[in-house]
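Worksheet: one structure, shown below.
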Amino acid sequence: MPKTLLALQILPGKVLRVSLPDGRVHTLLEDAGPAPDGITADSAAVYWTTMGTPVSDPRVPGEAGQDFSRPDGGVHALGPDGGQRRDLVPPGAMTTGKQLTTDGAGTLYWGDREGRRVSRVRADGTGLTDLVVNPPEDGITGECVGVAVDPARGHLYWTQKGPAKGGRGRILRAGLDIPAGQTAADRTDIEVLWSDLPEPIDLHLHGDRLYWTDRGAPPAGNTLNRAPLPPAGAAGQRPEILADGFEEAIGLAVDGEAGIAYVSDLHGHIRAVPLPDGPAAGQEPRDIVRLPYPLTGLCLVER
């Protein structure tokens, strides 16, 4: 069955459908809400997060002058072929929606950056639950961005990117459920797997490896990385850099069958990166999309 990428355009906010392998772009939804960031899908719907509308400081140029701390992010859904948008987590119930993923059994998980938390909700909008809540005093180092779930092993993975280009990023792991008698704010099963990363963003779990984008400073930043999942209590191995030279890498989707990873960036590119141990090994990475607008989240669907 032919595969398609779903991508988010952050400004103006749109849900895009990208045909593979030719890169033709069609708009699935014209108004995705303010600053869409994370996207996933199942047979019933397309789901995405929004970061909300920032308060801009004209004295501070660029992204640093955008304050997303108001609780006006959301999680939204749309039929697989379009239609009416509906809110699963309405504005006011969360702060800044970042990467979104699904466990494949009807539950959605996402990072809430300025909310400094990882949360989940069922695909019908019920059961909103915080799984990780970092204290306010952690500041920017406690902001959660990327997320991946491993239902078979019962694990949740997420990134805390730290300051921009700061070299203080981390990837962490905990159980999919909070230990009995504990809360999202005091759970004791959190492991730090990787630390001092340039600025890790989105995650993708495929087999026994974790893949991630990093928008930090070169040479280790603005890269696509992967590493084996570490056993309990062990730190992660030094990551393998699969590709570099991105322009603020964000979204990530891995097609293990084809041996290709897709990476989007804030300069409007989606690049196809052949994996070194897949059927496309030896081919050069290539841009399949170049748009004049910044792109954020990606997911791969068969339709």
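We name chains A, B, ... following the order of the structure tokens; residues begin at 1 in each chain, and ligands are numbered from 1 as shown.
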Near-A:Arg209 list (8 Å; only C-alpha atoms; drop same-chain fewer than 6 positions) as a list of chain:residue names: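 Listed by chain and then number, they are A:Arg226, A:Ala227, A:Pro228, A:Leu229.
With distances taken over only C-alpha atoms, A:Gly38 is the one residue among A:Gly52, A:Gly278, A:Gly38, A:Pro90 lying closest to A:Leu108.
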Between stretch 165-205 of chain A and stretch 252-269 of chain A, at 8 Å or less, what are the per-residue closest atom pairs and their distances in Å? Count only C-alpha atoms, order by chain and rising residue number, and return it as a tab-separated table.
```
residue	atom	partner	partner_atom	distance
A:Asp202	CA	A:Leu252	CA	6.3
A:Leu203	CA	A:Leu252	CA	6.9
A:His204	CA	A:Ala253	CA	6.7
```
Polymer residues at most 8 Å from A:Lys165, only C-alpha atoms, same-chain spacing of 3 or more positions, as a PyMOL selection string: chain A and resi 198-199+215-217
From A:Leu156, A:Leu28, A:Ile250, A:Ala44, residue lying nearest A:Leu295 [only C-alpha atoms]: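 Selected residue with least distance to A:Leu295: A:Ile250.
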Using only C-alpha atoms, what table do you get, as a Markdown table, when you list each residue of stretch 12-98 of chain A with an atom no more than 10 Å from stretch 127-145 of chain A, its nearest pair of atoms, and their distance in Å rounded to one decimal, rows by chain then rising number?
```
| residue | atom | partner | partner_atom | distance |
| --- | --- | --- | --- | --- |
| A:Asp37 | CA | A:Val145 | CA | 9.9 |
| A:Gly38 | CA | A:Val145 | CA | 9.5 |
| A:Leu88 | CA | A:Leu128 | CA | 9.4 |
| A:Val89 | CA | A:Leu128 | CA | 7.9 |
| A:Ala93 | CA | A:Leu128 | CA | 9.2 |
| A:Thr96 | CA | A:Val145 | CA | 9.3 |
| A:Gly97 | CA | A:Val145 | CA | 8.3 |
| A:Lys98 | CA | A:Val145 | CA | 5.5 |
```
Based on the selection just made, write N, CA and C atoms of those residues as an mmCIF file, in the first residue's frame.
```
data_model
loop_
_atom_site.group_PDB
_atom_site.id
_atom_site.type_symbol
_atom_site.label_atom_id
_atom_site.label_comp_id
_atom_site.auth_asym_id
_atom_site.auth_seq_id
_atom_site.Cartn_x
_atom_site.Cartn_y
_atom_site.Cartn_z
ATOM 1 N N ASP A 37 2.452 21.488 16.187
ATOM 2 C CA ASP A 37 3.814 20.973 16.390
ATOM 3 C C ASP A 37 3.950 19.467 16.257
ATOM 4 N N GLY A 38 3.084 18.675 16.892
ATOM 5 C CA GLY A 38 3.239 17.225 16.857
ATOM 6 C C GLY A 38 2.059 16.567 16.173
ATOM 7 N N LEU A 88 -9.692 17.559 21.299
ATOM 8 C CA LEU A 88 -9.648 16.503 22.306
ATOM 9 C C LEU A 88 -9.223 17.069 23.660
ATOM 10 N N VAL A 89 -8.235 17.942 23.634
ATOM 11 C CA VAL A 89 -7.814 18.664 24.834
ATOM 12 C C VAL A 89 -7.936 20.142 24.482
ATOM 13 N N ALA A 93 -6.521 23.674 28.973
ATOM 14 C CA ALA A 93 -6.263 22.467 29.746
ATOM 15 C C ALA A 93 -4.801 22.036 29.680
ATOM 16 N N THR A 96 1.750 24.028 26.225
ATOM 17 C CA THR A 96 2.408 24.082 24.917
ATOM 18 C C THR A 96 2.560 22.680 24.355
ATOM 19 N N GLY A 97 1.677 22.277 23.445
ATOM 20 C CA GLY A 97 1.731 20.933 22.890
ATOM 21 C C GLY A 97 2.899 20.751 21.936
ATOM 22 N N LYS A 98 3.703 19.732 22.181
ATOM 23 C CA LYS A 98 4.855 19.434 21.323
ATOM 24 C C LYS A 98 4.648 18.069 20.652
#
```
